[in-house]
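Student: Structure file structure15.cif, mmCIF, C-alpha atoms, is pasted below:
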data_start
loop_
_atom_site.group_PDB
_atom_site.id
_atom_site.type_symbol
_atom_site.label_atom_id
_atom_site.label_comp_id
_atom_site.auth_asym_id
_atom_site.auth_seq_id
_atom_site.Cartn_x
_atom_site.Cartn_y
_atom_site.Cartn_z
ATOM 1 C CA MET A 23 0.000 0.000 0.000
ATOM 2 C CA ASN A 24 1.105 3.540 -0.687
ATOM 3 C CA ALA A 25 2.584 5.470 2.214
ATOM 4 C CA ARG A 26 0.080 7.220 4.437
ATOM 5 C CA ARG A 27 -0.034 10.979 4.902
ATOM 6 C CA ILE A 28 -1.006 13.520 7.542
ATOM 7 C CA THR A 29 -2.807 16.770 6.765
ATOM 8 C CA PRO A 30 -3.514 19.377 9.436
ATOM 9 C CA CYS A 31 -6.855 21.049 8.812
ATOM 10 C CA LEU A 32 -7.476 24.768 9.075
ATOM 11 C CA ASP A 33 -11.213 25.359 9.380
ATOM 12 C CA THR A 34 -11.740 29.072 8.840
ATOM 13 C CA LYS A 35 -14.516 31.562 9.485
ATOM 14 C CA ASP A 36 -14.172 35.292 8.843
ATOM 15 C CA GLY A 37 -10.514 34.753 7.954
ATOM 16 C CA LYS A 38 -9.525 33.084 11.234
ATOM 17 C CA VAL A 39 -8.905 29.444 12.121
ATOM 18 C CA VAL A 40 -11.705 28.089 14.301
ATOM 19 C CA LYS A 41 -12.498 24.777 15.991
ATOM 20 C CA GLY A 42 -15.707 23.418 17.395
ATOM 21 C CA VAL A 43 -17.440 20.201 18.377
ATOM 22 C CA ARG A 44 -19.749 18.530 15.855
ATOM 23 C CA PHE A 45 -19.521 21.689 13.713
ATOM 24 C CA GLU A 46 -20.839 23.932 16.528
ATOM 25 C CA GLY A 47 -19.483 26.069 19.380
ATOM 26 C CA LEU A 48 -16.627 27.508 17.339
ATOM 27 C CA SER A 49 -13.597 28.971 19.125
ATOM 28 C CA GLU A 50 -10.981 31.103 17.407
ATOM 29 C CA MET A 51 -7.582 29.408 17.197
ATOM 30 C CA GLY A 52 -5.328 31.760 15.255
ATOM 31 C CA ASP A 53 -4.076 33.072 11.929
ATOM 32 C CA PRO A 54 -4.316 30.546 9.072
ATOM 33 C CA VAL A 55 -1.140 31.706 7.345
ATOM 34 C CA ALA A 56 0.997 31.423 10.465
ATOM 35 C CA MET A 57 -0.521 28.074 11.368
ATOM 36 C CA ALA A 58 0.005 26.678 7.871
ATOM 37 C CA VAL A 59 3.655 27.684 7.974
ATOM 38 C CA GLU A 60 4.067 26.103 11.423
ATOM 39 C CA TYR A 61 2.523 22.815 10.330
ATOM 40 C CA GLU A 62 4.596 22.648 7.176
ATOM 41 C CA GLY A 63 7.653 23.103 9.373
ATOM 42 C CA GLN A 64 6.518 20.189 11.513
ATOM 43 C CA GLY A 65 6.416 17.926 8.451
ATOM 44 C CA ALA A 66 2.816 18.095 7.224
ATOM 45 C CA ASP A 67 2.359 16.363 3.873
ATOM 46 C CA GLU A 68 -0.295 18.869 2.822
ATOM 47 C CA ILE A 69 -2.504 21.556 4.320
ATOM 48 C CA THR A 70 -6.293 21.494 4.133
ATOM 49 C CA LEU A 71 -8.008 24.895 4.258
ATOM 50 C CA LEU A 72 -11.798 24.814 4.619
ATOM 51 C CA ASP A 73 -13.940 27.945 4.625
ATOM 52 C CA ILE A 74 -16.600 26.253 6.745
ATOM 53 C CA SER A 75 -19.188 29.024 6.709
ATOM 54 C CA ALA A 76 -19.101 29.786 2.973
ATOM 55 C CA SER A 77 -21.799 27.343 1.832
ATOM 56 C CA GLY A 78 -24.094 28.024 4.760
ATOM 57 C CA GLU A 79 -23.792 31.777 4.162
ATOM 58 C CA GLY A 80 -24.286 31.399 0.420
ATOM 59 C CA ARG A 81 -20.956 32.977 -0.496
ATOM 60 C CA LYS A 82 -17.732 32.009 -2.247
ATOM 61 C CA THR A 83 -14.383 30.983 -0.780
ATOM 62 C CA MET A 84 -12.146 33.862 0.355
ATOM 63 C CA LEU A 85 -9.654 33.867 -2.518
ATOM 64 C CA ASP A 86 -7.323 36.380 -0.892
ATOM 65 C CA LEU A 87 -6.868 34.024 2.064
ATOM 66 C CA VAL A 88 -6.188 31.104 -0.273
ATOM 67 C CA ALA A 89 -3.520 33.170 -2.025
ATOM 68 C CA ARG A 90 -1.838 34.241 1.210
ATOM 69 C CA VAL A 91 -1.679 30.691 2.545
ATOM 70 C CA SER A 92 -0.480 29.300 -0.781
ATOM 71 C CA ASP A 93 2.271 31.909 -1.053
ATOM 72 C CA ALA A 94 3.543 31.029 2.420
ATOM 73 C CA ILE A 95 3.925 27.242 2.003
ATOM 74 C CA THR A 96 5.371 24.772 -0.471
ATOM 75 C CA VAL A 97 3.386 21.614 0.386
ATOM 76 C CA PRO A 98 0.137 20.960 -1.492
ATOM 77 C CA LEU A 99 -2.912 22.971 -0.454
ATOM 78 C CA VAL A 100 -6.450 21.567 -0.520
ATOM 79 C CA VAL A 101 -9.201 24.210 -0.391
ATOM 80 C CA GLY A 102 -12.932 23.827 0.142
ATOM 81 C CA GLY A 103 -15.986 25.890 0.960
ATOM 82 C CA GLY A 104 -18.451 27.654 -1.324
ATOM 83 C CA ILE A 105 -17.276 26.009 -4.558
ATOM 84 C CA SER A 106 -20.390 25.532 -6.671
ATOM 85 C CA SER A 107 -19.218 25.725 -10.289
ATOM 86 C CA VAL A 108 -16.281 24.952 -12.552
ATOM 87 C CA ASP A 109 -15.546 28.669 -12.619
ATOM 88 C CA ASP A 110 -15.378 28.771 -8.822
ATOM 89 C CA ALA A 111 -12.969 25.839 -8.841
ATOM 90 C CA ILE A 112 -10.736 27.473 -11.453
ATOM 91 C CA LYS A 113 -10.569 30.670 -9.409
ATOM 92 C CA VAL A 114 -9.540 28.737 -6.287
ATOM 93 C CA LEU A 115 -6.837 26.871 -8.216
ATOM 94 C CA ASP A 116 -5.650 30.117 -9.790
ATOM 95 C CA ALA A 117 -5.388 31.587 -6.276
ATOM 96 C CA GLY A 118 -2.890 28.864 -5.404
ATOM 97 C CA ALA A 119 -4.769 25.731 -4.354
ATOM 98 C CA ASP A 120 -3.565 22.395 -5.680
ATOM 99 C CA ARG A 121 -6.918 20.652 -5.239
ATOM 100 C CA VAL A 122 -10.474 21.811 -4.659
ATOM 101 C CA SER A 123 -12.936 20.202 -2.268
ATOM 102 C CA MET A 124 -16.687 20.341 -2.833
ATOM 103 C CA ASN A 125 -19.542 19.088 -0.697
ATOM 104 C CA SER A 126 -22.945 20.787 -0.683
ATOM 105 C CA ALA A 127 -22.916 21.877 -4.322
ATOM 106 C CA ALA A 128 -21.892 18.402 -5.485
ATOM 107 C CA VAL A 129 -24.687 16.759 -3.512
ATOM 108 C CA ARG A 130 -27.267 19.168 -4.880
ATOM 109 C CA ARG A 131 -25.965 18.903 -8.455
ATOM 110 C CA PRO A 132 -23.847 15.761 -8.862
ATOM 111 C CA ALA A 133 -22.976 16.623 -12.466
ATOM 112 C CA LEU A 134 -20.631 19.260 -11.024
ATOM 113 C CA VAL A 135 -18.163 16.520 -10.057
ATOM 114 C CA GLY A 136 -17.868 15.277 -13.618
ATOM 115 C CA GLU A 137 -17.696 18.775 -15.048
ATOM 116 C CA CYS A 138 -14.819 19.694 -12.765
ATOM 117 C CA ALA A 139 -13.015 16.419 -13.374
ATOM 118 C CA LEU A 140 -13.274 16.922 -17.139
ATOM 119 C CA GLU A 141 -12.076 20.529 -17.005
ATOM 120 C CA LEU A 142 -9.468 20.318 -14.245
ATOM 121 C CA GLY A 143 -8.455 16.651 -14.166
ATOM 122 C CA GLY A 144 -9.744 14.219 -11.589
ATOM 123 C CA GLU A 145 -6.652 14.517 -9.420
ATOM 124 C CA ALA A 146 -7.641 18.127 -8.626
ATOM 125 C CA VAL A 147 -11.178 17.225 -7.547
ATOM 126 C CA VAL A 148 -11.951 16.209 -3.958
ATOM 127 C CA VAL A 149 -15.492 15.284 -2.967
ATOM 128 C CA ALA A 150 -15.981 16.055 0.706
ATOM 129 C CA ILE A 151 -18.525 13.889 2.488
ATOM 130 C CA ASP A 152 -19.809 14.918 5.902
ATOM 131 C CA ALA A 153 -21.609 11.900 7.329
ATOM 132 C CA VAL A 154 -23.835 11.254 10.332
ATOM 133 C CA ALA A 155 -24.909 7.877 11.717
ATOM 134 C CA SER A 156 -28.385 6.714 10.724
ATOM 135 C CA GLY A 157 -29.138 3.304 12.157
ATOM 136 C CA LYS A 158 -26.559 0.897 10.783
ATOM 137 C CA SER A 159 -25.519 3.216 7.958
ATOM 138 C CA TRP A 160 -24.602 6.876 7.454
ATOM 139 C CA LYS A 161 -26.370 9.777 5.792
ATOM 140 C CA VAL A 162 -24.744 12.744 4.082
ATOM 141 C CA CYS A 163 -24.845 16.230 5.648
ATOM 142 C CA VAL A 164 -24.626 19.502 3.737
ATOM 143 C CA ALA A 165 -24.599 23.219 4.535
ATOM 144 C CA GLY A 166 -21.838 22.922 7.112
ATOM 145 C CA GLY A 167 -23.494 19.942 8.779
ATOM 146 C CA ARG A 168 -26.789 21.719 9.354
ATOM 147 C CA GLU A 169 -28.836 19.682 6.884
ATOM 148 C CA VAL A 170 -29.043 15.883 6.615
ATOM 149 C CA VAL A 171 -30.105 14.598 3.203
ATOM 150 C CA ASP A 172 -31.508 11.207 2.255
ATOM 151 C CA LEU A 173 -28.294 10.020 0.652
ATOM 152 C CA ASP A 174 -26.227 7.071 1.828
ATOM 153 C CA ALA A 175 -22.622 8.140 2.448
ATOM 154 C CA VAL A 176 -21.024 4.944 1.126
ATOM 155 C CA GLU A 177 -23.128 4.967 -2.030
ATOM 156 C CA TRP A 178 -22.386 8.654 -2.582
ATOM 157 C CA ALA A 179 -18.650 7.939 -2.344
ATOM 158 C CA ARG A 180 -19.006 5.265 -5.031
ATOM 159 C CA ARG A 181 -20.946 7.650 -7.263
ATOM 160 C CA ALA A 182 -18.380 10.402 -6.769
ATOM 161 C CA GLU A 183 -15.603 8.057 -7.850
ATOM 162 C CA GLY A 184 -17.610 7.005 -10.875
ATOM 163 C CA MET A 185 -18.080 10.630 -11.904
ATOM 164 C CA GLY A 186 -14.339 11.280 -11.861
ATOM 165 C CA ALA A 187 -13.467 12.500 -8.361
ATOM 166 C CA GLY A 188 -9.818 11.929 -7.549
ATOM 167 C CA SER A 189 -10.249 11.512 -3.802
ATOM 168 C CA ILE A 190 -12.737 11.611 -0.927
ATOM 169 C CA LEU A 191 -12.505 13.772 2.195
ATOM 170 C CA LEU A 192 -14.650 11.902 4.721
ATOM 171 C CA THR A 193 -15.697 13.604 7.958
ATOM 172 C CA SER A 194 -17.765 12.038 10.719
ATOM 173 C CA LYS A 195 -20.003 14.748 12.157
ATOM 174 C CA ASP A 196 -20.648 12.523 15.178
ATOM 175 C CA ALA A 197 -16.928 12.373 15.992
ATOM 176 C CA ASP A 198 -15.920 15.892 14.938
ATOM 177 C CA GLY A 199 -14.058 17.743 17.682
ATOM 178 C CA VAL A 200 -14.866 15.119 20.320
ATOM 179 C CA LYS A 201 -11.249 13.857 20.316
ATOM 180 C CA GLU A 202 -12.263 10.255 21.031
ATOM 181 C CA GLY A 203 -11.013 8.816 17.754
ATOM 182 C CA TYR A 204 -12.047 8.572 14.139
ATOM 183 C CA ASP A 205 -15.268 6.779 13.228
ATOM 184 C CA ILE A 206 -13.591 3.521 12.272
ATOM 185 C CA PRO A 207 -16.681 1.689 10.931
ATOM 186 C CA LEU A 208 -17.589 4.653 8.714
ATOM 187 C CA THR A 209 -14.042 5.122 7.465
ATOM 188 C CA ALA A 210 -13.588 1.406 6.831
ATOM 189 C CA ALA A 211 -16.870 1.220 4.921
ATOM 190 C CA VAL A 212 -16.112 4.161 2.638
ATOM 191 C CA SER A 213 -12.417 3.459 2.085
ATOM 192 C CA GLY A 214 -13.254 -0.178 1.347
ATOM 193 C CA ALA A 215 -15.926 0.770 -1.180
ATOM 194 C CA VAL A 216 -13.774 2.928 -3.472
ATOM 195 C CA SER A 217 -10.375 2.660 -5.092
ATOM 196 C CA ILE A 218 -9.523 6.378 -4.940
ATOM 197 C CA PRO A 219 -7.726 7.758 -1.857
ATOM 198 C CA VAL A 220 -9.837 8.534 1.208
ATOM 199 C CA THR A 221 -8.887 11.101 3.849
ATOM 200 C CA ALA A 222 -10.242 10.275 7.315
ATOM 201 C CA SER A 223 -11.479 13.265 9.297
ATOM 202 C CA GLY A 224 -13.287 13.921 12.552
ATOM 203 C CA GLY A 225 -12.383 12.837 16.061
ATOM 204 C CA CYS A 226 -8.604 12.697 16.221
ATOM 205 C CA GLY A 227 -7.415 13.389 19.751
ATOM 206 C CA SER A 228 -4.099 11.538 19.921
ATOM 207 C CA MET A 229 -1.339 9.874 17.951
ATOM 208 C CA GLU A 230 -2.955 6.541 18.850
ATOM 209 C CA HIS A 231 -6.074 7.565 16.965
ATOM 210 C CA ILE A 232 -4.056 8.217 13.807
ATOM 211 C CA TYR A 233 -2.417 4.822 14.150
ATOM 212 C CA GLU A 234 -5.803 3.180 14.650
ATOM 213 C CA VAL A 235 -7.387 4.658 11.535
ATOM 214 C CA PHE A 236 -4.420 3.563 9.422
ATOM 215 C CA ALA A 237 -4.235 0.100 11.005
ATOM 216 C CA LYS A 238 -7.966 -0.642 10.735
ATOM 217 C CA THR A 239 -9.036 1.051 7.494
ATOM 218 C CA LYS A 240 -7.780 1.730 3.991
ATOM 219 C CA ALA A 241 -7.714 5.500 4.536
ATOM 220 C CA ARG A 242 -4.706 6.990 2.767
ATOM 221 C CA THR A 243 -4.548 10.260 4.706
ATOM 222 C CA ALA A 244 -5.401 11.263 8.261
ATOM 223 C CA LEU A 245 -6.732 14.790 8.726
ATOM 224 C CA ALA A 246 -6.438 16.279 12.187
ATOM 225 C CA ALA A 247 -7.049 19.655 13.786
ATOM 226 C CA SER A 248 -7.590 19.708 17.558
ATOM 227 C CA VAL A 249 -4.680 17.403 18.363
ATOM 228 C CA PHE A 250 -2.301 19.830 16.634
ATOM 229 C CA HIS A 251 -4.050 23.120 17.416
ATOM 230 C CA TYR A 252 -4.033 22.427 21.163
ATOM 231 C CA GLY A 253 -0.437 21.167 21.183
ATOM 232 C CA ASP A 254 -1.177 17.557 22.178
ATOM 233 C CA CYS A 255 1.478 16.520 19.676
ATOM 234 C CA THR A 256 3.252 17.799 16.601
ATOM 235 C CA VAL A 257 3.052 16.359 13.112
ATOM 236 C CA ALA A 258 6.666 15.184 13.458
ATOM 237 C CA GLN A 259 5.888 13.368 16.710
ATOM 238 C CA ALA A 260 2.862 11.687 15.164
ATOM 239 C CA LYS A 261 4.908 10.512 12.182
ATOM 240 C CA GLU A 262 7.633 9.083 14.392
ATOM 241 C CA TYR A 263 4.995 7.285 16.473
ATOM 242 C CA LEU A 264 3.550 5.721 13.318
ATOM 243 C CA ARG A 265 6.936 4.683 11.951
ATOM 244 C CA GLU A 266 7.770 2.962 15.223
ATOM 245 C CA ARG A 267 4.613 0.899 14.797
ATOM 246 C CA GLY A 268 5.294 -0.112 11.212
ATOM 247 C CA ILE A 269 3.093 2.350 9.369
ATOM 248 C CA GLY A 270 4.659 3.661 6.157
ATOM 249 C CA ILE A 271 4.295 7.411 6.398
#
Starting from the coordinates I provided, produce the structure as C-alpha cells.

Tutor:
Amino acid sequence: MNARRITPCLDTKDGKVVKGVRFEGLSEMGDPVAMAVEYEGQGADEITLLDISASGEGRKTMLDLVARVSDAITVPLVVGGGISSVDDAIKVLDAGADRVSMNSAAVRRPALVGECALELGGEAVVVAIDAVASGKSWKVCVAGGREVVDLDAVEWARRAEGMGAGSILLTSKDADGVKEGYDIPLTAAVSGAVSIPVTASGGCGSMEHIYEVFAKTKARTALAASVFHYGDCTVAQAKEYLRERGIGI
C-alpha cells in the first residue's frame, strides 16, 4: 500500500482558524497563514483549508486568504468551501490551491463533479462527504453539517468516484471535535468501497487515533485539527509514532 499521509486542517470563518465540536461552538484558534507555515515546518504532507461558513452563508471561498496561505507554504494545499461551479474551482486553483474540495454543491448537483473532473483533471477534484450515523448506515450532511439529506454516504462515495473524483474527504459529524477517535466503521466502509484515496477526518485526539485509523481502514490520509491546534502533539511526533509501529508514512 502507498505510504500514508497527515494533513492538518485549518477550518476558517471570517478569515480566522476556528475549531468546534460537531460543527458547533466555534472557538478562534489563530491566523491561518501562520498556522500553515508552522505545520509545514513540523512535516505536514499537505494543508487542508476549509472555509466552513461559505456554503451556509451562500458565499464564495475567500480567494485572498487562499492566495496568502499558498504563497507562504510549499506543500500541497487543498481548499474547500463555497465552490459551486467549474468557474469557482478554477478561481480557487488560480489563487494557489492544488486541489479543490466540494460538498454541498456536489450533492445538490452531482454533475458538477464530472464537469470539474473533465475541465481540471480528476486529481484536482476532492469530494468532501460529511456523514452522520443513521441506524446501521450513514447519511450525508450539507450546509456545514446543518442539513441531513436522504443520501447514503457509502453509495455517494461510489458515485463520486464514478463521476471522476480523484479523492474523498470523509468527515464524521458525530466524531468531529470530540477527540475520542475517528469513526472507524464509517471510514472502513467508505475506504473499502472505493479505489480512490480517502482522507479520514473527525475525532482525532491523539497519535494513537491516527495509528488506529491507518491500522484498521484503507484510509490513505489522516486529517487532524484539535490534536495539533491544542499542542497535544506535533506532526513530526505523530509521524515518528507511526513509523515505530510499522506504518509507512

Student: Work out how far atom CA of A:Pro54 is from atom CA of A:Asp254, in Å to one decimal.

Tutor: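 Computed distance, atom CA of A:Asp254 to atom CA of A:Pro54, equals 18.7 Å.
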
Student: Please expand the PyMOL selection byres ((chain A and resi 209) around 8) into the concrete residues it hits in this file, giving the result as a PyMOL selection string.

Tutor: chain A and resi 192+204-208+210-213+222+235+239-241

Student: Can you spell out as a PDB file with C-alpha atoms, keeping the file's coordinate frame the set of residues that the PyMOL selection byres ((chain A and resi 270) around 8) selects in the structure I just provided?

Tutor:
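Heads up, here's the output in part.pdb:
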ATOM      1  CA  ASN A  24       1.105   3.540  -0.687  1.00  0.00           C
ATOM      2  CA  ALA A  25       2.584   5.470   2.214  1.00  0.00           C
ATOM      3  CA  ARG A  26       0.080   7.220   4.437  1.00  0.00           C
ATOM      4  CA  LEU A 264       3.550   5.721  13.318  1.00  0.00           C
ATOM      5  CA  ARG A 265       6.936   4.683  11.951  1.00  0.00           C
ATOM      6  CA  GLY A 268       5.294  -0.112  11.212  1.00  0.00           C
ATOM      7  CA  ILE A 269       3.093   2.350   9.369  1.00  0.00           C
ATOM      8  CA  ILE A 271       4.295   7.411   6.398  1.00  0.00           C
TER       9      ILE A 271
END

Student: For a quick check of understanding, using all atoms listed in the file, which of A:Arg267, A:Val97, A:Arg130, A:Ala260 has the smallest distance to A:Ala237?

Tutor: A:Arg267

Student: On this structure, which residues satisfy the PyMOL selection byres ((chain A and resi 112-114) around 10), written as an MDAnalysis selection string?

Tutor: chainID A and resid 82:86 88:89 100:102 105 107:111 115:122 138 141:142

Student: Taking all listed atoms of stretch 224-231 of chain A, build the axis-aligned box, pad each of the six sides by 6 Å, then write its centre and edge lengths in Å to one decimal as lines of an AutoDock Vina configuration file.

Tutor:
center_x = -7.3
center_y = 10.2
center_z = 16.2
size_x = 23.9
size_y = 19.4
size_z = 19.4

Student: Every residue with an atom at most 10 Å from (-21.8, 15.4, 9.8) (file coordinates; all atoms listed in the file) is what I'm after, so could you write them as a PyMOL selection string?

Tutor: chain A and resi 44-45+151-155+160-170+192-198+224

Student: Considering all atoms listed in the file, return as a PyMOL selection string whatever protein or nucleic-acid residues lie within 9 Å of A:Ile28, sequence-local ones (same chain, fewer than 4 positions apart) excluded.

Tutor: chain A and resi 65-69+232+242-246+257+260-261+271

Student: With all atoms listed in the file as the basis for distance, which of A:Lys158, A:Ala175, A:Ala258, A:Ser189 is at the shortest distance from A:Thr221?

Tutor: A:Ser189

Student: How many Å separate atom CA of A:Phe236 from atom CA of A:His251?

Tutor: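 Computing it gives 21.1 Å between the two atoms.
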